[in-house]
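Here is query.cif, consisting of mmCIF, C-alpha atoms:
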```
data_data
loop_
_atom_site.label_atom_id
_atom_site.label_comp_id
_atom_site.auth_asym_id
_atom_site.auth_seq_id
_atom_site.Cartn_x
_atom_site.Cartn_y
_atom_site.Cartn_z
CA MET A 1 -45.86 -26.93 46.61
CA THR A 2 -42.22 -25.93 47.07
CA GLN A 3 -39.71 -28.75 47.41
CA LYS A 4 -36.52 -27.97 49.36
CA ASN A 5 -33.02 -29.38 49.10
CA ARG A 6 -33.62 -31.48 45.99
CA LEU A 7 -31.12 -31.89 43.14
CA VAL A 8 -31.67 -32.17 39.38
CA LYS A 9 -29.25 -33.58 36.84
CA MET A 10 -29.86 -32.16 33.34
CA ILE A 11 -28.84 -34.17 30.27
CA VAL A 12 -29.20 -32.25 27.01
CA TYR A 13 -28.77 -33.46 23.42
CA GLY A 14 -29.13 -31.58 20.17
CA CYS A 15 -29.15 -28.00 18.95
CA GLN A 16 -28.72 -24.61 20.61
CA MET A 17 -32.50 -24.33 20.95
CA ASN A 18 -32.50 -27.45 23.11
CA PHE A 19 -29.87 -25.94 25.40
CA ALA A 20 -31.88 -22.72 25.64
CA GLU A 21 -35.00 -24.71 26.53
CA ALA A 22 -33.05 -26.67 29.13
CA GLU A 23 -32.09 -23.40 30.81
CA ARG A 24 -35.76 -22.46 30.99
CA MET A 25 -36.75 -25.83 32.43
CA GLU A 26 -34.01 -25.60 35.03
CA GLY A 27 -35.34 -22.14 35.87
CA GLN A 28 -38.78 -23.66 36.53
CA LEU A 29 -37.26 -26.29 38.78
CA ARG A 30 -35.33 -23.69 40.78
CA GLU A 31 -38.62 -21.98 41.56
CA ILE A 32 -39.86 -25.16 43.30
CA GLY A 33 -36.66 -25.66 45.26
CA PHE A 34 -34.34 -27.69 43.00
CA ALA A 35 -30.63 -27.03 42.62
CA SER A 36 -28.49 -28.42 39.82
CA THR A 37 -25.91 -31.18 40.12
CA GLU A 38 -23.52 -32.83 37.69
CA ASP A 39 -23.60 -36.10 39.67
CA ALA A 40 -26.45 -38.38 38.59
CA GLU A 41 -25.79 -40.56 41.63
CA LYS A 42 -26.88 -37.70 43.91
CA ALA A 43 -29.81 -36.44 41.85
CA ASP A 44 -33.44 -36.59 42.99
CA LEU A 45 -34.52 -35.88 39.41
CA ILE A 46 -32.81 -36.73 36.14
CA LEU A 47 -34.19 -34.76 33.20
CA MET A 48 -33.17 -35.70 29.66
CA HIS A 49 -33.95 -33.13 26.96
CA THR A 50 -33.76 -34.93 23.65
CA CYS A 51 -33.23 -34.50 19.92
CA CYS A 52 -34.39 -36.74 17.07
CA VAL A 53 -33.17 -34.75 14.07
CA ARG A 54 -30.40 -37.31 13.51
CA GLU A 55 -30.16 -40.98 14.29
CA THR A 56 -27.00 -40.55 16.38
CA ALA A 57 -28.82 -38.23 18.80
CA GLU A 58 -31.59 -40.78 19.32
CA ASP A 59 -29.05 -43.58 19.79
CA LYS A 60 -27.25 -41.57 22.48
CA ALA A 61 -30.52 -40.88 24.26
CA TYR A 62 -31.60 -44.52 24.25
CA GLY A 63 -28.17 -45.56 25.51
CA LYS A 64 -28.43 -43.10 28.41
CA ILE A 65 -31.99 -44.23 29.18
CA GLY A 66 -30.62 -47.74 29.59
CA GLU A 67 -27.89 -46.54 31.93
CA ILE A 68 -30.37 -44.74 34.16
CA LYS A 69 -32.34 -47.96 34.71
CA ARG A 70 -29.66 -49.05 37.22
CA LEU A 71 -30.04 -45.83 39.21
CA LYS A 72 -33.81 -46.24 39.33
CA ARG A 73 -33.42 -49.82 40.52
CA GLU A 74 -31.05 -48.74 43.31
CA ARG A 75 -33.11 -45.67 44.26
CA PRO A 76 -36.81 -46.12 43.40
CA SER A 77 -37.60 -42.59 44.64
CA LEU A 78 -35.47 -41.09 41.85
CA LEU A 79 -37.61 -39.30 39.26
CA PHE A 80 -36.64 -39.66 35.59
CA GLY A 81 -38.21 -37.59 32.82
CA VAL A 82 -37.71 -37.34 29.06
CA THR A 83 -38.61 -34.12 27.24
CA GLY A 84 -38.11 -32.54 23.82
CA CYS A 85 -38.21 -33.71 20.23
CA MET A 86 -37.75 -37.46 20.80
CA ALA A 87 -40.38 -37.31 23.54
CA GLN A 88 -42.78 -35.60 21.12
CA LYS A 89 -42.09 -38.17 18.41
CA GLU A 90 -42.23 -41.33 20.52
CA SER A 91 -44.82 -40.29 23.15
CA ASP A 92 -45.98 -43.16 25.40
CA ALA A 93 -43.94 -45.66 23.36
CA LEU A 94 -40.97 -44.42 25.42
CA ILE A 95 -42.52 -45.64 28.67
CA ARG A 96 -43.59 -48.92 27.08
CA ARG A 97 -39.99 -49.45 25.98
CA ALA A 98 -38.47 -48.19 29.26
CA PRO A 99 -40.99 -48.38 32.16
CA HIS A 100 -38.50 -46.73 34.52
CA ILE A 101 -39.29 -43.40 32.82
CA ASP A 102 -41.68 -41.45 35.06
CA PHE A 103 -42.82 -38.75 32.66
CA VAL A 104 -42.65 -37.71 29.01
CA LEU A 105 -43.27 -34.11 27.92
CA GLY A 106 -43.36 -33.01 24.29
CA THR A 107 -41.97 -29.80 22.83
CA GLY A 108 -45.16 -27.84 23.44
CA ARG A 109 -45.57 -28.91 27.07
CA LEU A 110 -42.27 -27.85 28.62
CA GLY A 111 -44.05 -25.12 30.59
CA GLU A 112 -45.85 -27.88 32.51
CA LEU A 113 -42.62 -29.29 33.96
CA SER A 114 -42.81 -27.90 37.48
CA ARG A 115 -46.47 -28.92 37.86
CA VAL A 116 -45.78 -32.46 36.63
CA VAL A 117 -42.75 -32.89 38.89
CA GLY A 118 -44.75 -31.62 41.87
CA GLU A 119 -47.54 -34.13 41.22
CA LEU A 120 -45.11 -37.01 40.86
CA LEU A 121 -43.28 -36.08 44.05
CA ALA A 122 -46.61 -35.97 45.87
CA GLU A 123 -47.40 -39.40 44.36
CA ARG A 124 -50.65 -38.10 42.91
CA VAL A 125 -49.98 -39.84 39.58
CA PRO A 126 -47.85 -42.89 38.62
CA HIS A 127 -46.76 -41.66 35.16
CA VAL A 128 -47.33 -38.60 32.98
CA VAL A 129 -47.27 -38.48 29.17
CA ASP A 130 -48.23 -35.18 27.54
CA VAL A 131 -47.37 -34.38 23.93
CA THR A 132 -50.42 -32.19 23.29
CA GLU A 133 -49.96 -29.61 20.54
CA ASP A 134 -52.09 -26.47 20.77
CA GLY A 135 -50.07 -24.14 18.52
CA THR A 136 -49.33 -21.64 21.27
CA LEU A 137 -45.97 -20.27 22.33
CA PRO A 138 -44.22 -22.11 25.17
CA GLU A 139 -44.52 -20.45 28.54
CA GLU A 140 -41.45 -18.30 29.13
CA GLY A 141 -40.02 -18.50 32.63
CA THR A 142 -36.76 -17.14 34.02
CA PRO A 143 -33.94 -19.20 32.51
CA ALA A 144 -31.17 -20.62 34.70
CA ARG A 145 -28.48 -19.43 32.32
CA GLN A 146 -25.23 -21.30 31.97
CA GLY A 147 -21.95 -19.39 31.79
CA THR A 148 -21.44 -15.70 32.36
CA VAL A 149 -20.75 -14.17 28.93
CA SER A 150 -23.16 -15.49 26.29
CA ALA A 151 -26.93 -15.91 26.52
CA TRP A 152 -29.33 -17.83 24.24
CA VAL A 153 -32.60 -16.02 23.47
CA PRO A 154 -35.24 -17.95 21.48
CA ILE A 155 -37.24 -15.63 19.24
CA MET A 156 -39.52 -18.18 17.56
CA TYR A 157 -40.46 -21.84 17.65
CA GLY A 158 -41.38 -24.37 14.99
CA CYS A 159 -40.82 -24.54 11.24
CA ASP A 160 -43.01 -24.25 8.14
CA ASN A 161 -40.50 -25.43 5.55
CA PHE A 162 -41.00 -29.22 5.50
CA CYS A 163 -37.69 -30.19 3.97
CA THR A 164 -38.15 -33.82 2.99
CA TYR A 165 -35.35 -35.11 5.24
CA CYS A 166 -36.30 -33.14 8.36
CA ILE A 167 -38.44 -34.18 11.32
CA VAL A 168 -38.51 -30.71 12.93
CA PRO A 169 -41.91 -29.47 11.62
CA TYR A 170 -43.51 -32.70 12.84
CA VAL A 171 -42.09 -32.51 16.38
CA ARG A 172 -41.97 -28.73 16.90
CA GLY A 173 -45.07 -27.61 15.03
CA ARG A 174 -45.65 -24.58 12.86
CA GLU A 175 -43.77 -21.30 13.21
CA ARG A 176 -44.75 -19.08 16.15
CA SER A 177 -42.90 -15.84 16.82
CA ARG A 178 -42.49 -14.26 20.25
CA SER A 179 -43.37 -10.58 20.48
CA PRO A 180 -40.54 -8.05 20.06
CA GLU A 181 -41.43 -6.68 23.51
CA ASP A 182 -40.88 -10.04 25.23
CA ILE A 183 -37.64 -10.70 23.36
CA LEU A 184 -36.18 -7.27 24.10
CA GLY A 185 -37.21 -7.61 27.73
CA GLU A 186 -35.29 -10.87 27.97
CA ILE A 187 -32.24 -9.33 26.27
CA GLU A 188 -32.32 -6.36 28.65
CA ASP A 189 -32.57 -8.70 31.64
CA ALA A 190 -29.58 -10.76 30.40
CA ALA A 191 -27.54 -7.59 29.80
CA ALA A 192 -28.38 -6.31 33.29
CA LYS A 193 -27.02 -9.58 34.68
CA GLY A 194 -23.71 -9.08 32.87
CA PHE A 195 -24.13 -11.11 29.70
CA ARG A 196 -22.26 -9.37 26.89
CA GLU A 197 -23.22 -11.55 23.94
CA ILE A 198 -26.76 -12.49 22.82
CA THR A 199 -27.59 -15.20 20.29
CA LEU A 200 -31.09 -15.03 18.81
CA LEU A 201 -32.40 -18.53 18.09
CA GLY A 202 -34.99 -20.05 15.79
CA GLN A 203 -35.36 -22.93 13.36
CA ASN A 204 -35.53 -20.22 10.67
CA VAL A 205 -34.90 -16.76 12.11
CA ASN A 206 -35.32 -15.20 8.65
CA SER A 207 -39.08 -15.83 8.78
CA TYR A 208 -39.47 -14.21 12.19
CA GLY A 209 -42.55 -12.00 12.50
CA LYS A 210 -44.49 -13.31 9.52
CA ASP A 211 -47.21 -14.57 11.86
CA HIS A 212 -47.68 -11.47 14.03
CA GLY A 213 -46.55 -8.74 11.59
CA LEU A 214 -45.08 -6.51 14.30
CA THR A 215 -41.62 -6.44 12.73
CA ASP A 216 -39.42 -8.64 10.58
CA PHE A 217 -36.14 -10.19 11.62
CA ALA A 218 -34.06 -7.30 10.29
CA GLY A 219 -36.12 -4.93 12.42
CA LEU A 220 -35.72 -7.14 15.49
CA LEU A 221 -31.95 -7.26 14.98
CA ALA A 222 -31.80 -3.47 14.82
CA MET A 223 -33.74 -3.28 18.10
CA ALA A 224 -31.44 -5.78 19.80
CA ASP A 225 -28.44 -3.79 18.57
CA GLU A 226 -29.61 -0.83 20.67
CA VAL A 227 -29.90 -2.64 24.02
CA GLU A 228 -27.48 -1.06 26.48
CA GLY A 229 -24.80 -3.39 27.77
CA VAL A 230 -24.90 -5.82 24.85
CA GLU A 231 -21.57 -5.96 23.07
CA ARG A 232 -22.39 -8.60 20.44
CA VAL A 233 -25.54 -9.92 18.78
CA ARG A 234 -25.49 -13.22 16.90
CA PHE A 235 -28.25 -15.29 15.29
CA MET A 236 -28.99 -18.72 13.88
CA THR A 237 -30.23 -20.40 11.83
CA SER A 238 -31.00 -18.68 8.52
CA HIS A 239 -32.88 -20.37 5.67
CA PRO A 240 -31.57 -19.14 2.29
CA LYS A 241 -35.04 -18.81 0.77
CA ASP A 242 -35.93 -16.09 3.29
CA LEU A 243 -32.64 -14.17 3.52
CA SER A 244 -33.56 -10.58 2.67
CA PRO A 245 -31.53 -7.54 1.55
CA ARG A 246 -32.86 -5.81 4.70
CA LEU A 247 -31.22 -8.44 6.88
CA ILE A 248 -27.88 -8.13 5.11
CA ALA A 249 -28.10 -4.34 5.49
CA ALA A 250 -28.90 -4.71 9.21
CA VAL A 251 -25.68 -6.67 9.72
CA ARG A 252 -23.73 -4.16 7.62
CA ASP A 253 -25.06 -1.15 9.50
CA GLY A 254 -25.22 -2.55 13.02
CA ARG A 255 -22.77 -1.62 15.76
CA HIS A 256 -22.94 -4.87 17.70
CA ILE A 257 -24.39 -7.32 15.13
CA CYS A 258 -21.66 -9.83 14.35
CA GLU A 259 -20.42 -10.26 10.80
CA HIS A 260 -21.19 -13.96 10.58
CA PHE A 261 -23.81 -15.66 8.42
CA HIS A 262 -24.63 -19.31 9.01
CA LEU A 263 -26.46 -20.11 5.79
CA PRO A 264 -27.14 -23.85 5.28
CA ILE A 265 -26.92 -24.86 1.63
CA GLN A 266 -27.29 -28.60 2.43
CA HIS A 267 -26.14 -29.64 -1.07
CA GLY A 268 -24.53 -28.31 -4.24
CA SER A 269 -26.68 -30.20 -6.75
CA ASP A 270 -29.90 -28.53 -7.90
CA ARG A 271 -31.45 -31.96 -8.46
CA ILE A 272 -30.81 -32.93 -4.85
CA LEU A 273 -31.94 -29.53 -3.54
CA LYS A 274 -35.25 -29.98 -5.34
CA ALA A 275 -35.65 -33.47 -3.87
CA MET A 276 -34.93 -31.98 -0.44
CA ASN A 277 -37.68 -29.34 -0.99
CA ARG A 278 -35.27 -26.53 -0.14
CA ASN A 279 -37.05 -24.02 -2.44
CA TYR A 280 -33.94 -22.37 -3.86
CA THR A 281 -31.35 -23.18 -6.51
CA THR A 282 -27.59 -23.00 -6.35
CA GLU A 283 -27.76 -19.91 -8.58
CA LYS A 284 -30.09 -18.11 -6.18
CA TYR A 285 -27.79 -19.08 -3.31
CA ARG A 286 -24.77 -17.70 -5.21
CA GLY A 287 -26.62 -14.40 -5.50
CA LEU A 288 -27.11 -14.29 -1.73
CA VAL A 289 -23.42 -14.95 -1.14
CA ARG A 290 -22.49 -12.18 -3.60
CA ALA A 291 -24.81 -9.76 -1.78
CA ILE A 292 -23.32 -10.69 1.60
CA ARG A 293 -19.73 -10.29 0.43
CA GLU A 294 -20.44 -7.02 -1.39
CA ASN A 295 -22.17 -5.46 1.63
CA VAL A 296 -20.20 -7.10 4.48
CA PRO A 297 -16.79 -7.89 2.94
CA ASN A 298 -15.24 -9.14 6.19
CA ALA A 299 -18.13 -11.49 7.05
CA SER A 300 -17.49 -15.15 7.73
CA LEU A 301 -19.78 -17.68 6.06
CA THR A 302 -20.56 -21.13 7.44
CA THR A 303 -23.00 -23.79 6.32
CA ASP A 304 -24.57 -27.22 6.85
CA LEU A 305 -24.04 -30.06 4.37
CA ILE A 306 -25.77 -33.44 4.04
CA VAL A 307 -23.97 -36.32 2.36
CA GLY A 308 -25.75 -39.39 0.99
CA PHE A 309 -29.29 -38.05 0.49
CA PRO A 310 -31.42 -40.67 -1.33
CA GLY A 311 -30.61 -40.73 -5.02
CA GLU A 312 -27.30 -38.88 -4.64
CA THR A 313 -25.05 -39.98 -7.50
CA GLU A 314 -21.32 -39.52 -7.83
CA GLU A 315 -22.10 -36.70 -10.27
CA ASP A 316 -24.27 -34.99 -7.64
CA PHE A 317 -21.55 -35.37 -5.05
CA GLU A 318 -18.92 -33.92 -7.39
CA ALA A 319 -21.26 -30.94 -7.90
CA LEU A 320 -21.24 -30.46 -4.13
CA LEU A 321 -17.43 -30.51 -4.03
CA ASP A 322 -17.27 -28.02 -6.90
CA PHE A 323 -19.71 -25.76 -5.05
CA LEU A 324 -17.47 -25.80 -1.97
CA ARG A 325 -14.45 -24.88 -4.07
CA GLU A 326 -16.41 -21.97 -5.51
CA ILE A 327 -18.06 -20.55 -2.36
CA ARG A 328 -15.17 -21.26 0.06
CA TYR A 329 -16.89 -21.44 3.43
CA ASP A 330 -15.02 -20.58 6.59
CA ALA A 331 -16.40 -23.80 8.10
CA ALA A 332 -19.04 -26.40 7.37
CA TYR A 333 -21.02 -28.71 9.64
CA THR A 334 -21.21 -31.99 7.76
CA PHE A 335 -23.69 -34.81 8.31
CA LEU A 336 -24.46 -38.23 6.92
CA TYR A 337 -28.07 -38.51 5.80
CA SER A 338 -30.04 -40.73 8.18
CA PRO A 339 -33.66 -41.67 7.44
CA ARG A 340 -36.14 -40.23 9.96
CA SER A 341 -39.40 -42.15 10.18
CA GLY A 342 -42.33 -39.91 9.25
CA THR A 343 -40.38 -37.84 6.73
CA PRO A 344 -40.90 -38.14 2.95
CA ALA A 345 -37.20 -38.79 2.25
CA ALA A 346 -37.26 -41.95 4.36
CA LYS A 347 -39.53 -43.53 1.73
CA LEU A 348 -37.55 -42.44 -1.32
CA GLU A 349 -35.88 -44.99 -3.55
CA GLY A 350 -32.13 -44.92 -4.05
CA GLN A 351 -31.01 -44.96 -0.42
CA VAL A 352 -27.22 -44.60 -0.52
CA PRO A 353 -25.18 -47.45 1.06
CA ASP A 354 -23.45 -46.55 4.33
CA GLU A 355 -19.98 -47.31 3.01
CA VAL A 356 -20.54 -44.88 0.11
CA LYS A 357 -21.81 -42.20 2.48
CA HIS A 358 -18.76 -42.51 4.73
CA GLU A 359 -16.32 -42.45 1.81
CA ARG A 360 -17.94 -39.32 0.41
CA LEU A 361 -18.03 -37.66 3.82
CA GLU A 362 -14.29 -38.18 4.22
CA ARG A 363 -13.61 -36.56 0.85
CA LEU A 364 -15.92 -33.68 1.70
CA MET A 365 -14.27 -33.03 5.07
CA GLU A 366 -10.79 -33.22 3.57
CA LEU A 367 -11.68 -30.52 1.04
CA GLN A 368 -13.46 -28.28 3.56
CA ASN A 369 -10.62 -28.57 6.10
CA LYS A 370 -8.17 -27.48 3.39
CA ILE A 371 -10.34 -24.45 2.55
CA SER A 372 -10.85 -23.54 6.23
CA LEU A 373 -7.11 -23.60 6.85
CA GLU A 374 -6.37 -21.46 3.78
CA ILE A 375 -8.93 -18.86 4.90
CA ASN A 376 -7.56 -18.78 8.44
CA GLU A 377 -3.97 -18.51 7.25
CA ARG A 378 -4.82 -15.14 5.71
CA LEU A 379 -5.38 -13.85 9.26
CA ALA A 380 -1.77 -14.46 10.30
CA GLY A 381 -0.30 -11.22 11.62
CA THR A 382 -3.67 -9.49 11.93
CA THR A 383 -5.07 -8.22 15.22
CA GLN A 384 -8.54 -9.46 16.08
CA GLU A 385 -11.07 -8.19 18.62
CA VAL A 386 -11.95 -11.11 20.88
CA LEU A 387 -14.65 -11.42 23.54
CA ILE A 388 -12.97 -13.21 26.46
CA GLU A 389 -14.80 -16.38 27.53
CA GLY A 390 -12.23 -17.62 30.07
CA PRO A 391 -9.73 -20.49 30.42
CA SER A 392 -9.66 -23.15 27.71
CA ARG A 393 -10.96 -26.60 28.56
CA THR A 394 -7.50 -28.18 28.47
CA ASP A 395 -5.20 -25.53 29.98
CA GLU A 396 -6.11 -22.82 32.50
CA ALA A 397 -3.03 -20.83 31.46
CA VAL A 398 -4.48 -20.51 27.96
CA TRP A 399 -7.58 -18.37 27.53
CA THR A 400 -10.18 -18.53 24.82
CA GLY A 401 -12.65 -16.25 23.11
CA ARG A 402 -14.27 -15.57 19.76
CA THR A 403 -13.87 -12.97 17.08
CA ARG A 404 -16.90 -11.08 15.79
CA THR A 405 -16.86 -13.51 12.86
CA GLY A 406 -17.21 -16.48 15.22
CA LYS A 407 -13.67 -17.85 15.08
CA ILE A 408 -12.18 -19.40 18.23
CA VAL A 409 -8.98 -17.73 19.45
CA LEU A 410 -6.49 -19.07 22.03
CA TRP A 411 -3.73 -17.04 23.73
CA PRO A 412 -1.58 -17.14 26.90
CA HIS A 413 -3.41 -15.59 29.84
CA ARG A 414 -2.10 -12.32 31.25
CA ASP A 415 -2.76 -10.84 34.68
CA GLY A 416 -5.63 -8.38 34.69
CA GLU A 417 -7.64 -10.02 31.93
CA LYS A 418 -11.29 -10.51 32.83
CA ILE A 419 -14.01 -12.74 31.45
CA GLY A 420 -16.51 -10.74 29.40
CA GLU A 421 -14.02 -8.06 28.36
CA LEU A 422 -12.91 -7.33 24.82
CA ALA A 423 -9.28 -8.07 24.02
CA GLN A 424 -7.04 -7.35 21.05
CA VAL A 425 -5.17 -10.52 20.04
CA LYS A 426 -2.52 -10.74 17.34
CA ILE A 427 -2.83 -13.98 15.37
CA THR A 428 0.48 -15.84 15.22
CA GLN A 429 -0.55 -19.43 14.41
CA PRO A 430 -3.71 -19.97 12.34
CA GLN A 431 -5.04 -23.52 12.32
CA THR A 432 -8.02 -25.24 10.71
CA TRP A 433 -10.36 -24.91 13.68
CA VAL A 434 -8.74 -22.29 15.93
CA LEU A 435 -6.54 -19.21 15.77
CA LYS A 436 -3.63 -19.04 18.21
CA GLY A 437 -2.10 -15.71 19.14
CA GLU A 438 -0.85 -13.33 21.78
CA ARG A 439 -2.22 -10.16 23.34
CA ALA A 440 -1.47 -7.17 21.17
CA GLU A 441 0.43 -4.40 22.92
CA GLY A 442 -1.62 -1.29 23.69
#
```

Please render this file's structure as structure tokens.
Amino acid sequence: MTQKNRLVKMIVYGCQMNFAEAERMEGQLREIGFASTEDAEKADLILMHTCCVRETAEDKAYGKIGEIKRLKRERPSLLFGVTGCMAQKESDALIRRAPHIDFVLGTGRLGELSRVVGELLAERVPHVVDVTEDGTLPEEGTPARQGTVSAWVPIMYGCDNFCTYCIVPYVRGRERSRSPEDILGEIEDAAAKGFREITLLGQNVNSYGKDHGLTDFAGLLAMADEVEGVERVRFMTSHPKDLSPRLIAAVRDGRHICEHFHLPIQHGSDRILKAMNRNYTTEKYRGLVRAIRENVPNASLTTDLIVGFPGETEEDFEALLDFLREIRYDAAYTFLYSPRSGTPAAKLEGQVPDEVKHERLERLMELQNKISLEINERLAGTTQEVLIEGPSRTDEAVWTGRTRTGKIVLWPHRDGEKIGELAQVKITQPQTWVLKGERAEG
């Protein structure tokens, strides 16, 4: 049953995959007559798509759930649903804790959203909780894409790695790869609608295709590189244990595949890596970095790092700092370890005190910021190809875009520049997180 003139407010926490899924859910809702709004006070439906990978994400979600209780009290007809990883993990405990929640859908049930909302609007059911896992791929609808330049394209769901700190395999299930045909069809559709940049998403894109055997990730990248209208192809996230020479060669040989590898090391101590169940050593990881830099010399390299994993000693932490000094990442996403119930690491002895975690994180960030600035300073005076994304968030006279290596560039806007075009920008002021410049003549 189509509902007309209704508004949905989307609230999304977590990773790029969550944002891609939110676009698909909003696409479902558009098909039954919903339009989007940024004003929760006007919404007929508030949909919160959640993350539980880190404690801070759960805390934010619970805080927002509390805020929405007032809106439900003032407008009882307002529908409020919680979806995603936290919904999968907590199930009906969410409604017991917050009875103003109308429905809870787990990660494998997002394709049921429009049906569930329709039943609730028709008052056929009082509440819905569905976290059933059947191991199938989520239903793929037409996403309501945000922006006009870059498009997220999930290529696989789930994870088989079972790192001891990570909740993802428990809330997203085992790895399931979409078919190359479906993925390429979605890329072609996005390109036809004017999107110039495609980011292929998965918990571990390097293991794409192992389940269906139609192609591996390197083969899929090569196919995406050939789609007409696509100017850039990106991907995340890569697990080091599955990074293949074929993938490195695909980036090297591709026309539109961006020279950026996000390769999470998580720690620089082999003892900690073993406790994390990462299935590689620092020496193996060094070999991957050498192969990347030999084959794609201008590639940028970024990573994820966890500070304060159970049992981490000062010696382990110093090994991590030494590893950063050796590898010299362009940037690193740094996190404090937070125990996730249901994961093996939560039960390990030697939980690191919070004050020690924070002190180590500060030292880590200070070192990485120094390295990031030194790397960016080498770009002073160079001219970089930038895909124009539009005005910056703080100043409409300053435009922003990214280099092929993923670096953010800011420059004064000139008449005639258009969003989605490629621009040549001369870097005049490198900083830790951004590159400032001016349009290069000619």

Running the PyMOL selection byres ((chain A and resi 9) around 12) on this model by hand, what would come out? Give it as a ChimeraX atom specification. /A:6-8,10-12,22,25-26,29,34-49,68,78-81

When you look at Asn295 of chain A with a cut-off of 9 Å (counting all atoms listed in the file), what residues show up, excluding the ones that are within fewer than 6 positions of it in the same chain? I need them as a VMD selection string. chain A and resid 248 to 249 251 to 252

Which residues would end up in the selection if the PyMOL selection byres ((chain A and resi 244) around 12) were applied here, given that I need the answer as an MDAnalysis selection string? chainID A and resid 205:208 216:219 238:243 245:251 285 287:289 291:292

Selected residues written out, C-alpha atoms, as a compact mmCIF listing (two decimals), in the frame of the given file:
```txt
# COMPACT_ATOMS: atom_id res chain seq x y z
CA VAL A 205 -34.90 -16.76 12.11
CA ASN A 206 -35.32 -15.20 8.65
CA SER A 207 -39.08 -15.83 8.78
CA TYR A 208 -39.47 -14.21 12.19
CA ASP A 216 -39.42 -8.64 10.58
CA PHE A 217 -36.14 -10.19 11.62
CA ALA A 218 -34.06 -7.30 10.29
CA GLY A 219 -36.12 -4.93 12.42
CA SER A 238 -31.00 -18.68 8.52
CA HIS A 239 -32.88 -20.37 5.67
CA PRO A 240 -31.57 -19.14 2.29
CA LYS A 241 -35.04 -18.81 0.77
CA ASP A 242 -35.93 -16.09 3.29
CA LEU A 243 -32.64 -14.17 3.52
CA PRO A 245 -31.53 -7.54 1.55
CA ARG A 246 -32.86 -5.81 4.70
CA LEU A 247 -31.22 -8.44 6.88
CA ILE A 248 -27.88 -8.13 5.11
CA ALA A 249 -28.10 -4.34 5.49
CA ALA A 250 -28.90 -4.71 9.21
CA VAL A 251 -25.68 -6.67 9.72
CA TYR A 285 -27.79 -19.08 -3.31
CA GLY A 287 -26.62 -14.40 -5.50
CA LEU A 288 -27.11 -14.29 -1.73
CA VAL A 289 -23.42 -14.95 -1.14
CA ALA A 291 -24.81 -9.76 -1.78
CA ILE A 292 -23.32 -10.69 1.60
```

Could you check which of A:Pro297, A:Gly420, A:Pro154, A:Pro430 is closest to Phe261 of chain A, using all atoms listed in the file? A:Pro297

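Atom pair atom CA of Thr215 of chain A / atom CA of Ala192 of chain A has a distance of 24.5 Å (rounded to one decimal).
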
Any idea what's packed within 12 Å of Pro412 of chain A, counting only C-alpha atoms, ignoring anything in its chain fewer than 3 positions away? Could you give it as an NGL selection string? :A and (390-392 or 395-401 or 409 or 415 or 417 or 425-426 or 428 or 436-440)

Using only C-alpha atoms, the best pick from A:Ile183, A:Leu324, A:Ile265, A:Ala423 as closest to Lys284 of chain A would be A:Ile265

Tell me which of A:Val230, A:Ala20, A:Val131, A:Leu263 sits closest to Glu90 of chain A, counting all atoms listed in the file. A:Val131

Explicit residues for the PyMOL selection byres ((chain A and resi 301) around 8) (as a PyMOL selection string): chain A and resi 260-263+299-300+302-303+329-331

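Pairwise distance (atom CA of Thr237 of chain A, atom CA of Glu389 of chain A) equals 22.4 Å.
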
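For the pair atom CA of Asp316 of chain A and atom CA of Thr282 of chain A, the separation is 12.5 Å.
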
Can you find the residues with an atom no farther than 7 Å from (-7.5, -7.1, 15.6), counting only C-alpha atoms, and report them as a PDB file with C-alpha atoms, in the coordinates of the input?
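Written file, point_12.pdb:
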```
ATOM      1  CA  THR A 382      -3.670  -9.490  11.930  1.00  0.00           C
ATOM      2  CA  THR A 383      -5.070  -8.220  15.220  1.00  0.00           C
ATOM      3  CA  GLN A 384      -8.540  -9.460  16.080  1.00  0.00           C
ATOM      4  CA  GLU A 385     -11.070  -8.190  18.620  1.00  0.00           C
ATOM      5  CA  GLN A 424      -7.040  -7.350  21.050  1.00  0.00           C
ATOM      6  CA  VAL A 425      -5.170 -10.520  20.040  1.00  0.00           C
ATOM      7  CA  LYS A 426      -2.520 -10.740  17.340  1.00  0.00           C
TER       8      LYS A 426
END
```

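Shortest separation to Gln28 of chain A among A:Arg325, A:Arg360, A:Arg145, A:His100 occurs at residue A:Arg145, atoms counted being only C-alpha atoms.
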
Quick one: residues within 8 Å of segment 364-367 of chain A, all atoms listed in the file counted, chain neighbours fewer than 4 positions away excluded, as a PyMOL selection string? chain A and resi 321+334+360+371

One residue among A:Ile388, A:Cys163, A:Gly202, A:Glu362 is nearest to Met276 of chain A when using only C-alpha atoms, and that residue is A:Cys163

Hey, what's within 12 Å of Glu31 of chain A if we count all atoms listed in the file and toss same-chain stuff fewer than 4 positions away? As an NGL selection string, please? :A and (1-6 or 24-27 or 35 or 113-115 or 117-118 or 141-144)

Give, as AutoDock Vina command-line options, the centre coordinates and the x, y and z edge lengths in Å to one decimal for an axis-aligned box around all listed atoms of segment 260-268 of chain A, padded by 8 Å on each side.
```
--center_x -24.2 --center_y -21.8 --center_z 3.2 --size_x 22.1 --size_y 31.7 --size_z 30.8
```

All residues 12 Å or closer to Pro353 of chain A, all atoms listed in the file, same chain fewer than 2 positions away omitted, as a PyMOL selection string: chain A and resi 307-313+336-338+349-351+355-360

Show me the residues around (-50.2, -20.3, 20.7) - criterion: an atom at most 10 Å away, all atoms listed in the file counted - as a PyMOL selection string. chain A and resi 108+133-139+175-178
